[in-house]
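Undergrad: See target37.txt below, with compact mmCIF, N, CA and C atoms.
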```txt
# COMPACT_ATOMS: atom_id res chain seq x y z
N THR A 141 1.85 -17.93 0.51
CA THR A 141 0.77 -17.35 -0.27
C THR A 141 0.82 -15.84 -0.20
N GLY A 142 0.09 -15.20 -1.10
CA GLY A 142 0.03 -13.75 -1.10
C GLY A 142 -0.54 -13.20 0.19
N LEU A 143 -1.55 -13.89 0.73
CA LEU A 143 -2.16 -13.43 1.98
C LEU A 143 -1.13 -13.47 3.11
N GLY A 144 -0.31 -14.52 3.14
CA GLY A 144 0.72 -14.63 4.18
C GLY A 144 1.74 -13.52 4.09
N LYS A 145 2.15 -13.17 2.87
CA LYS A 145 3.13 -12.09 2.69
C LYS A 145 2.53 -10.76 3.11
N ARG A 146 1.28 -10.53 2.74
CA ARG A 146 0.62 -9.29 3.11
C ARG A 146 0.48 -9.20 4.62
N GLN A 147 0.13 -10.32 5.24
CA GLN A 147 -0.02 -10.36 6.70
C GLN A 147 1.32 -10.06 7.38
N ARG A 148 2.40 -10.61 6.84
CA ARG A 148 3.72 -10.34 7.42
C ARG A 148 4.09 -8.86 7.27
N ASP A 149 3.72 -8.27 6.14
CA ASP A 149 3.97 -6.83 5.95
C ASP A 149 3.21 -6.02 7.00
N LEU A 150 1.96 -6.40 7.25
CA LEU A 150 1.16 -5.68 8.26
C LEU A 150 1.76 -5.85 9.66
N GLU A 151 2.22 -7.05 9.97
CA GLU A 151 2.86 -7.28 11.27
C GLU A 151 4.13 -6.46 11.39
N HIS A 152 4.89 -6.41 10.31
CA HIS A 152 6.13 -5.61 10.32
C HIS A 152 5.80 -4.13 10.53
N ALA A 153 4.76 -3.65 9.87
CA ALA A 153 4.36 -2.25 10.02
C ALA A 153 3.98 -1.96 11.47
N SER A 154 3.23 -2.85 12.07
CA SER A 154 2.82 -2.66 13.46
C SER A 154 4.02 -2.66 14.41
N GLU A 155 4.91 -3.64 14.23
CA GLU A 155 6.10 -3.73 15.09
C GLU A 155 7.01 -2.51 14.89
N ALA A 156 7.15 -2.07 13.65
CA ALA A 156 8.00 -0.90 13.39
C ALA A 156 7.40 0.35 14.04
N GLY A 157 6.09 0.49 13.96
CA GLY A 157 5.45 1.64 14.60
C GLY A 157 5.65 1.64 16.11
N GLU A 158 5.50 0.46 16.71
CA GLU A 158 5.71 0.35 18.16
C GLU A 158 7.14 0.69 18.55
N ALA A 159 8.08 0.38 17.67
CA ALA A 159 9.49 0.67 17.92
C ALA A 159 9.87 2.09 17.49
N GLU A 160 8.90 2.89 17.10
CA GLU A 160 9.09 4.26 16.64
C GLU A 160 9.97 4.34 15.40
N ARG A 161 9.93 3.32 14.57
CA ARG A 161 10.61 3.33 13.27
C ARG A 161 9.53 3.62 12.22
N TYR A 162 9.10 4.84 12.22
CA TYR A 162 7.91 5.22 11.46
C TYR A 162 8.09 5.10 9.95
N GLU A 163 9.33 5.35 9.46
CA GLU A 163 9.54 5.23 8.03
C GLU A 163 9.32 3.79 7.58
N TRP A 164 9.75 2.82 8.41
CA TRP A 164 9.55 1.41 8.07
C TRP A 164 8.09 1.03 8.22
N ALA A 165 7.42 1.60 9.20
CA ALA A 165 6.00 1.32 9.39
C ALA A 165 5.21 1.78 8.18
N CYS A 166 5.50 2.99 7.69
CA CYS A 166 4.80 3.51 6.51
C CYS A 166 5.09 2.66 5.28
N LEU A 167 6.35 2.31 5.08
CA LEU A 167 6.72 1.52 3.91
C LEU A 167 6.06 0.14 3.94
N ALA A 168 6.10 -0.52 5.09
CA ALA A 168 5.50 -1.86 5.20
C ALA A 168 3.99 -1.79 5.04
N ALA A 169 3.36 -0.77 5.60
CA ALA A 169 1.91 -0.62 5.44
C ALA A 169 1.55 -0.38 3.98
N HIS A 170 2.36 0.41 3.30
CA HIS A 170 2.12 0.67 1.88
C HIS A 170 2.28 -0.61 1.07
N GLN A 171 3.29 -1.39 1.39
CA GLN A 171 3.51 -2.66 0.68
C GLN A 171 2.32 -3.59 0.88
N ALA A 172 1.86 -3.72 2.10
CA ALA A 172 0.73 -4.62 2.38
C ALA A 172 -0.52 -4.17 1.65
N THR A 173 -0.78 -2.88 1.68
CA THR A 173 -1.96 -2.35 1.02
C THR A 173 -1.86 -2.52 -0.49
N GLY A 174 -0.70 -2.23 -1.05
CA GLY A 174 -0.51 -2.40 -2.49
C GLY A 174 -0.73 -3.84 -2.92
N LYS A 175 -0.20 -4.79 -2.15
CA LYS A 175 -0.40 -6.20 -2.47
C LYS A 175 -1.88 -6.57 -2.43
N GLY A 176 -2.60 -6.04 -1.47
CA GLY A 176 -4.03 -6.34 -1.37
C GLY A 176 -4.81 -5.82 -2.56
N VAL A 177 -4.58 -4.57 -2.93
CA VAL A 177 -5.32 -3.96 -4.04
C VAL A 177 -4.89 -4.60 -5.37
N LYS A 178 -3.61 -4.87 -5.53
CA LYS A 178 -3.16 -5.55 -6.76
C LYS A 178 -3.76 -6.95 -6.84
N GLY A 179 -3.92 -7.61 -5.71
CA GLY A 179 -4.57 -8.91 -5.69
C GLY A 179 -6.00 -8.83 -6.17
N LEU A 180 -6.71 -7.78 -5.78
CA LEU A 180 -8.08 -7.58 -6.28
C LEU A 180 -8.08 -7.41 -7.79
N HIS A 181 -7.15 -6.64 -8.30
CA HIS A 181 -7.06 -6.47 -9.75
C HIS A 181 -6.83 -7.81 -10.45
N LEU A 182 -5.93 -8.62 -9.91
CA LEU A 182 -5.66 -9.92 -10.52
C LEU A 182 -6.92 -10.81 -10.47
N TYR A 183 -7.63 -10.74 -9.37
CA TYR A 183 -8.86 -11.52 -9.22
C TYR A 183 -9.86 -11.19 -10.34
N PHE A 184 -9.91 -9.92 -10.71
CA PHE A 184 -10.83 -9.48 -11.75
C PHE A 184 -10.20 -9.49 -13.14
N GLY A 185 -9.05 -10.13 -13.28
CA GLY A 185 -8.41 -10.27 -14.59
C GLY A 185 -7.73 -9.02 -15.07
N GLN A 186 -7.38 -8.14 -14.16
CA GLN A 186 -6.72 -6.88 -14.52
C GLN A 186 -5.30 -6.89 -13.98
N GLU A 187 -4.51 -5.96 -14.47
CA GLU A 187 -3.16 -5.75 -13.94
C GLU A 187 -3.06 -4.34 -13.39
N ALA A 188 -2.25 -4.20 -12.38
CA ALA A 188 -1.99 -2.88 -11.79
C ALA A 188 -0.48 -2.76 -11.61
N TRP A 189 0.10 -1.77 -12.26
CA TRP A 189 1.54 -1.55 -12.17
C TRP A 189 1.83 -0.21 -11.52
N GLY A 190 2.86 -0.19 -10.72
CA GLY A 190 3.26 1.06 -10.08
C GLY A 190 3.08 0.99 -8.58
N HIS A 191 2.97 2.16 -7.97
CA HIS A 191 2.94 2.24 -6.51
C HIS A 191 1.88 3.19 -5.97
N VAL A 192 0.91 3.57 -6.78
CA VAL A 192 -0.08 4.56 -6.34
C VAL A 192 -1.37 3.82 -5.97
N ILE A 193 -1.51 3.52 -4.69
CA ILE A 193 -2.62 2.72 -4.21
C ILE A 193 -3.96 3.40 -4.46
N ALA A 194 -4.03 4.70 -4.26
CA ALA A 194 -5.30 5.42 -4.47
C ALA A 194 -5.76 5.26 -5.92
N GLN A 195 -4.83 5.31 -6.85
CA GLN A 195 -5.17 5.14 -8.26
C GLN A 195 -5.65 3.71 -8.51
N PHE A 196 -4.95 2.72 -7.96
CA PHE A 196 -5.36 1.34 -8.13
C PHE A 196 -6.79 1.14 -7.63
N SER A 197 -7.09 1.75 -6.50
CA SER A 197 -8.42 1.61 -5.92
C SER A 197 -9.50 2.17 -6.84
N SER A 198 -9.19 3.28 -7.50
CA SER A 198 -10.18 3.90 -8.37
C SER A 198 -10.32 3.16 -9.70
N GLU A 199 -9.36 2.31 -10.04
CA GLU A 199 -9.39 1.60 -11.32
C GLU A 199 -9.98 0.19 -11.21
N LEU A 200 -10.50 -0.16 -10.05
CA LEU A 200 -11.16 -1.46 -9.91
C LEU A 200 -12.46 -1.45 -10.71
N PRO A 201 -12.95 -2.62 -11.11
CA PRO A 201 -14.16 -2.67 -11.91
C PRO A 201 -15.36 -2.01 -11.21
N GLU A 202 -16.28 -1.53 -12.02
CA GLU A 202 -17.50 -0.94 -11.48
C GLU A 202 -18.21 -1.98 -10.62
N GLY A 203 -18.72 -1.54 -9.52
CA GLY A 203 -19.39 -2.44 -8.59
C GLY A 203 -18.51 -2.89 -7.44
N VAL A 204 -17.20 -2.69 -7.58
CA VAL A 204 -16.28 -2.99 -6.48
C VAL A 204 -16.12 -1.69 -5.70
N ASP A 205 -16.76 -1.61 -4.58
CA ASP A 205 -16.77 -0.38 -3.81
C ASP A 205 -15.77 -0.45 -2.66
N ILE A 206 -14.85 0.48 -2.70
CA ILE A 206 -13.88 0.63 -1.61
C ILE A 206 -14.42 1.74 -0.71
N PRO A 207 -14.57 1.48 0.58
CA PRO A 207 -15.09 2.52 1.48
C PRO A 207 -14.25 3.80 1.39
N PRO A 208 -14.90 4.94 1.37
CA PRO A 208 -14.18 6.23 1.25
C PRO A 208 -13.07 6.41 2.28
N GLU A 209 -13.28 5.93 3.51
CA GLU A 209 -12.23 6.11 4.52
C GLU A 209 -10.98 5.32 4.16
N LEU A 210 -11.13 4.18 3.49
CA LEU A 210 -9.95 3.43 3.04
C LEU A 210 -9.25 4.13 1.89
N CYS A 211 -10.03 4.75 1.01
CA CYS A 211 -9.42 5.52 -0.09
C CYS A 211 -8.63 6.70 0.46
N ASN A 212 -9.16 7.35 1.48
CA ASN A 212 -8.44 8.47 2.11
C ASN A 212 -7.15 7.99 2.76
N LYS A 213 -7.20 6.85 3.42
CA LYS A 213 -5.99 6.30 4.05
C LYS A 213 -4.97 5.89 2.99
N ALA A 214 -5.45 5.40 1.86
CA ALA A 214 -4.54 5.04 0.77
C ALA A 214 -3.81 6.27 0.25
N ARG A 215 -4.51 7.39 0.14
CA ARG A 215 -3.88 8.63 -0.31
C ARG A 215 -2.79 9.08 0.67
N VAL A 216 -3.05 8.90 1.96
CA VAL A 216 -2.05 9.26 2.97
C VAL A 216 -0.82 8.37 2.83
N LEU A 217 -1.03 7.05 2.69
CA LEU A 217 0.10 6.14 2.51
C LEU A 217 0.89 6.48 1.26
N ASP A 218 0.18 6.81 0.18
CA ASP A 218 0.86 7.17 -1.06
C ASP A 218 1.80 8.35 -0.87
N LYS A 219 1.39 9.32 -0.06
CA LYS A 219 2.23 10.50 0.17
C LYS A 219 3.53 10.15 0.87
N PHE A 220 3.53 9.06 1.65
CA PHE A 220 4.72 8.67 2.40
C PHE A 220 5.57 7.64 1.68
N TYR A 221 5.10 7.13 0.56
CA TYR A 221 5.83 6.05 -0.11
C TYR A 221 7.23 6.48 -0.54
N PHE A 222 7.32 7.52 -1.35
CA PHE A 222 8.63 7.92 -1.88
C PHE A 222 9.58 8.44 -0.81
N PRO A 223 9.17 9.32 0.09
CA PRO A 223 10.15 9.81 1.07
C PRO A 223 10.61 8.74 2.06
N THR A 224 9.79 7.69 2.29
CA THR A 224 10.25 6.64 3.20
C THR A 224 11.13 5.63 2.49
N ARG A 225 10.96 5.49 1.19
CA ARG A 225 11.75 4.53 0.44
C ARG A 225 13.01 5.16 -0.14
N TYR A 226 12.91 6.42 -0.55
CA TYR A 226 14.02 7.12 -1.17
C TYR A 226 14.34 8.37 -0.38
N PRO A 227 15.42 8.37 0.40
CA PRO A 227 15.72 9.51 1.25
C PRO A 227 15.89 10.82 0.50
N ASN A 228 16.28 10.76 -0.78
CA ASN A 228 16.45 11.98 -1.54
C ASN A 228 15.25 12.22 -2.47
N GLY A 229 14.11 11.59 -2.16
CA GLY A 229 12.93 11.70 -2.99
C GLY A 229 12.31 13.09 -3.00
N HIS A 230 12.56 13.84 -1.95
CA HIS A 230 12.07 15.23 -1.87
C HIS A 230 13.22 16.11 -1.41
N PRO A 231 13.21 17.38 -1.85
CA PRO A 231 14.29 18.29 -1.41
C PRO A 231 14.26 18.51 0.11
```
Show the structure stored in the file as structure tokens.
TA:
Amino acid sequence: TGLGKRQRDLEHASEAGEAERYEWACLAAHQATGKGVKGLHLYFGQEAWGHVIAQFSSELPEGVDIPPELCNKARVLDKFYFPTRYPNGHP
């Protein structure tokens, strides 16, 4: 199930962080978060394409409130998505 995949991503992120493989921890955390927010969009009959979690969070239907601290954490994860996935993503 989607929940199982997201849970495995979170476990991978935690294990990678403990092993000081921070690029993998960031990427796995971003994947888990993206799957969760995209799942919310699907639940509400919407689609979300791309990799910008903060944007997905802001595009949820009115009345779906994401706590501000989670939105801030999503912005941090978004900043690490490209450089952890694509080594030449930044000069």
Undergrad: To one decimal place, how far is atom CA of A:Leu217 from atom CA of A:Ser154 in Å?
TA: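 So the two atoms, atom CA of A:Leu217 and atom CA of A:Ser154, lie 14.3 Å apart.
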Undergrad: Padding 4 Å on every side, please: axis-aligned box over the listed atoms of stretch 195-208 of chain A, centre and edge lengths to one decimal in Å, as lines of an AutoDock Vina configuration file.
TA:
```
center_x = -12.1
center_y = 1.7
center_z = -4.9
size_x = 22.6
size_y = 17.4
size_z = 22.3
```
Undergrad: Find, counting only N, CA and C atoms, the residue in A:Glu163, A:Ala168, A:Gly203, A:Val192 that gets nearest to A:Pro223.
TA: A:Glu163
Undergrad: So which bits of chain A end up helix (DSSP H, G or I) when you DSSP the backbone, as a short mmCIF file (atom, residue, chain, number, x, y, z; two decimals) with N, CA and C atoms, in the frame of the given file?
TA:
```cif
data_model
loop_
_atom_site.label_atom_id
_atom_site.label_comp_id
_atom_site.auth_asym_id
_atom_site.auth_seq_id
_atom_site.Cartn_x
_atom_site.Cartn_y
_atom_site.Cartn_z
N GLY A 142 0.09 -15.20 -1.10
CA GLY A 142 0.03 -13.75 -1.10
C GLY A 142 -0.54 -13.20 0.19
N LEU A 143 -1.55 -13.89 0.73
CA LEU A 143 -2.16 -13.43 1.98
C LEU A 143 -1.13 -13.47 3.11
N GLY A 144 -0.31 -14.52 3.14
CA GLY A 144 0.72 -14.63 4.18
C GLY A 144 1.74 -13.52 4.09
N LYS A 145 2.15 -13.17 2.87
CA LYS A 145 3.13 -12.09 2.69
C LYS A 145 2.53 -10.76 3.11
N ARG A 146 1.28 -10.53 2.74
CA ARG A 146 0.62 -9.29 3.11
C ARG A 146 0.48 -9.20 4.62
N GLN A 147 0.13 -10.32 5.24
CA GLN A 147 -0.02 -10.36 6.70
C GLN A 147 1.32 -10.06 7.38
N ARG A 148 2.40 -10.61 6.84
CA ARG A 148 3.72 -10.34 7.42
C ARG A 148 4.09 -8.86 7.27
N ASP A 149 3.72 -8.27 6.14
CA ASP A 149 3.97 -6.83 5.95
C ASP A 149 3.21 -6.02 7.00
N LEU A 150 1.96 -6.40 7.25
CA LEU A 150 1.16 -5.68 8.26
C LEU A 150 1.76 -5.85 9.66
N GLU A 151 2.22 -7.05 9.97
CA GLU A 151 2.86 -7.28 11.27
C GLU A 151 4.13 -6.46 11.39
N HIS A 152 4.89 -6.41 10.31
CA HIS A 152 6.13 -5.61 10.32
C HIS A 152 5.80 -4.13 10.53
N ALA A 153 4.76 -3.65 9.87
CA ALA A 153 4.36 -2.25 10.02
C ALA A 153 3.98 -1.96 11.47
N SER A 154 3.23 -2.85 12.07
CA SER A 154 2.82 -2.66 13.46
C SER A 154 4.02 -2.66 14.41
N GLU A 155 4.91 -3.64 14.23
CA GLU A 155 6.10 -3.73 15.09
C GLU A 155 7.01 -2.51 14.89
N ALA A 156 7.15 -2.07 13.65
CA ALA A 156 8.00 -0.90 13.39
C ALA A 156 7.40 0.35 14.04
N GLY A 157 6.09 0.49 13.96
CA GLY A 157 5.45 1.64 14.60
C GLY A 157 5.65 1.64 16.11
N GLU A 158 5.50 0.46 16.71
CA GLU A 158 5.71 0.35 18.16
C GLU A 158 7.14 0.69 18.55
N TYR A 162 9.10 4.84 12.22
CA TYR A 162 7.91 5.22 11.46
C TYR A 162 8.09 5.10 9.95
N GLU A 163 9.33 5.35 9.46
CA GLU A 163 9.54 5.23 8.03
C GLU A 163 9.32 3.79 7.58
N TRP A 164 9.75 2.82 8.41
CA TRP A 164 9.55 1.41 8.07
C TRP A 164 8.09 1.03 8.22
N ALA A 165 7.42 1.60 9.20
CA ALA A 165 6.00 1.32 9.39
C ALA A 165 5.21 1.78 8.18
N CYS A 166 5.50 2.99 7.69
CA CYS A 166 4.80 3.51 6.51
C CYS A 166 5.09 2.66 5.28
N LEU A 167 6.35 2.31 5.08
CA LEU A 167 6.72 1.52 3.91
C LEU A 167 6.06 0.14 3.94
N ALA A 168 6.10 -0.52 5.09
CA ALA A 168 5.50 -1.86 5.20
C ALA A 168 3.99 -1.79 5.04
N ALA A 169 3.36 -0.77 5.60
CA ALA A 169 1.91 -0.62 5.44
C ALA A 169 1.55 -0.38 3.98
N HIS A 170 2.36 0.41 3.30
CA HIS A 170 2.12 0.67 1.88
C HIS A 170 2.28 -0.61 1.07
N GLN A 171 3.29 -1.39 1.39
CA GLN A 171 3.51 -2.66 0.68
C GLN A 171 2.32 -3.59 0.88
N ALA A 172 1.86 -3.72 2.10
CA ALA A 172 0.73 -4.62 2.38
C ALA A 172 -0.52 -4.17 1.65
N THR A 173 -0.78 -2.88 1.68
CA THR A 173 -1.96 -2.35 1.02
C THR A 173 -1.86 -2.52 -0.49
N GLY A 174 -0.70 -2.23 -1.05
CA GLY A 174 -0.51 -2.40 -2.49
C GLY A 174 -0.73 -3.84 -2.92
N LYS A 175 -0.20 -4.79 -2.15
CA LYS A 175 -0.40 -6.20 -2.47
C LYS A 175 -1.88 -6.57 -2.43
N GLY A 176 -2.60 -6.04 -1.47
CA GLY A 176 -4.03 -6.34 -1.37
C GLY A 176 -4.81 -5.82 -2.56
N VAL A 177 -4.58 -4.57 -2.93
CA VAL A 177 -5.32 -3.96 -4.04
C VAL A 177 -4.89 -4.60 -5.37
N LYS A 178 -3.61 -4.87 -5.53
CA LYS A 178 -3.16 -5.55 -6.76
C LYS A 178 -3.76 -6.95 -6.84
N GLY A 179 -3.92 -7.61 -5.71
CA GLY A 179 -4.57 -8.91 -5.69
C GLY A 179 -6.00 -8.83 -6.17
N LEU A 180 -6.71 -7.78 -5.78
CA LEU A 180 -8.08 -7.58 -6.28
C LEU A 180 -8.08 -7.41 -7.79
N HIS A 181 -7.15 -6.64 -8.30
CA HIS A 181 -7.06 -6.47 -9.75
C HIS A 181 -6.83 -7.81 -10.45
N LEU A 182 -5.93 -8.62 -9.91
CA LEU A 182 -5.66 -9.92 -10.52
C LEU A 182 -6.92 -10.81 -10.47
N TYR A 183 -7.63 -10.74 -9.37
CA TYR A 183 -8.86 -11.52 -9.22
C TYR A 183 -9.86 -11.19 -10.34
N ILE A 193 -1.51 3.52 -4.69
CA ILE A 193 -2.62 2.72 -4.21
C ILE A 193 -3.96 3.40 -4.46
N ALA A 194 -4.03 4.70 -4.26
CA ALA A 194 -5.30 5.42 -4.47
C ALA A 194 -5.76 5.26 -5.92
N GLN A 195 -4.83 5.31 -6.85
CA GLN A 195 -5.17 5.14 -8.26
C GLN A 195 -5.65 3.71 -8.51
N PHE A 196 -4.95 2.72 -7.96
CA PHE A 196 -5.36 1.34 -8.13
C PHE A 196 -6.79 1.14 -7.63
N SER A 197 -7.09 1.75 -6.50
CA SER A 197 -8.42 1.61 -5.92
C SER A 197 -9.50 2.17 -6.84
N SER A 198 -9.19 3.28 -7.50
CA SER A 198 -10.18 3.90 -8.37
C SER A 198 -10.32 3.16 -9.70
N PRO A 208 -14.90 4.94 1.37
CA PRO A 208 -14.18 6.23 1.25
C PRO A 208 -13.07 6.41 2.28
N GLU A 209 -13.28 5.93 3.51
CA GLU A 209 -12.23 6.11 4.52
C GLU A 209 -10.98 5.32 4.16
N LEU A 210 -11.13 4.18 3.49
CA LEU A 210 -9.95 3.43 3.04
C LEU A 210 -9.25 4.13 1.89
N CYS A 211 -10.03 4.75 1.01
CA CYS A 211 -9.42 5.52 -0.09
C CYS A 211 -8.63 6.70 0.46
N ASN A 212 -9.16 7.35 1.48
CA ASN A 212 -8.44 8.47 2.11
C ASN A 212 -7.15 7.99 2.76
N LYS A 213 -7.20 6.85 3.42
CA LYS A 213 -5.99 6.30 4.05
C LYS A 213 -4.97 5.89 2.99
N ALA A 214 -5.45 5.40 1.86
CA ALA A 214 -4.54 5.04 0.77
C ALA A 214 -3.81 6.27 0.25
N ARG A 215 -4.51 7.39 0.14
CA ARG A 215 -3.88 8.63 -0.31
C ARG A 215 -2.79 9.08 0.67
N VAL A 216 -3.05 8.90 1.96
CA VAL A 216 -2.05 9.26 2.97
C VAL A 216 -0.82 8.37 2.83
N LEU A 217 -1.03 7.05 2.69
CA LEU A 217 0.10 6.14 2.51
C LEU A 217 0.89 6.48 1.26
N ASP A 218 0.18 6.81 0.18
CA ASP A 218 0.86 7.17 -1.06
C ASP A 218 1.80 8.35 -0.87
N LYS A 219 1.39 9.32 -0.06
CA LYS A 219 2.23 10.50 0.17
C LYS A 219 3.53 10.15 0.87
N PHE A 220 3.53 9.06 1.65
CA PHE A 220 4.72 8.67 2.40
C PHE A 220 5.57 7.64 1.68
N TYR A 221 5.10 7.13 0.56
CA TYR A 221 5.83 6.05 -0.11
C TYR A 221 7.23 6.48 -0.54
N PHE A 222 7.32 7.52 -1.35
CA PHE A 222 8.63 7.92 -1.88
C PHE A 222 9.58 8.44 -0.81
N PRO A 223 9.17 9.32 0.09
CA PRO A 223 10.15 9.81 1.07
C PRO A 223 10.61 8.74 2.06
N THR A 224 9.79 7.69 2.29
CA THR A 224 10.25 6.64 3.20
C THR A 224 11.13 5.63 2.49
N ARG A 225 10.96 5.49 1.19
CA ARG A 225 11.75 4.53 0.44
C ARG A 225 13.01 5.16 -0.14
#
```
Undergrad: Let me make sure I understand: among A:Glu151, A:Asn212, A:Arg146, A:Gly157, which one has the smallest atom-to-atom distance to A:Lys178 if we use only C-alpha atoms?
TA: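 Of A:Glu151, A:Asn212, A:Arg146, A:Gly157, the one nearest A:Lys178 is A:Arg146, counting only C-alpha atoms.
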Undergrad: Here is a test: counting only C-alpha atoms, which residue of A:Ala188, A:Ala156, A:Leu150, A:Cys166 is nearest to A:Leu200?
TA: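 Looking only at the distances to A:Leu200, the closest residue turns out to be A:Ala188.
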Undergrad: For the atom pair atom CA of A:Tyr226 and atom C of A:Ala194, what is the interatomic distance in Å to one decimal place?
TA: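 Pair atom CA of A:Tyr226 / atom C of A:Ala194 returns 20.4 Å.
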Undergrad: Find the residues around A:Gly190 up to 8 Å (all atoms listed in the file counted), leave out those fewer than 3 positions away in its own chain, and share them as a ChimeraX atom specification.
TA: /A:174,187,193
Undergrad: Mind pulling up the distance from atom N of A:His170 to atom N of A:Phe220?
TA: 8.9 Å
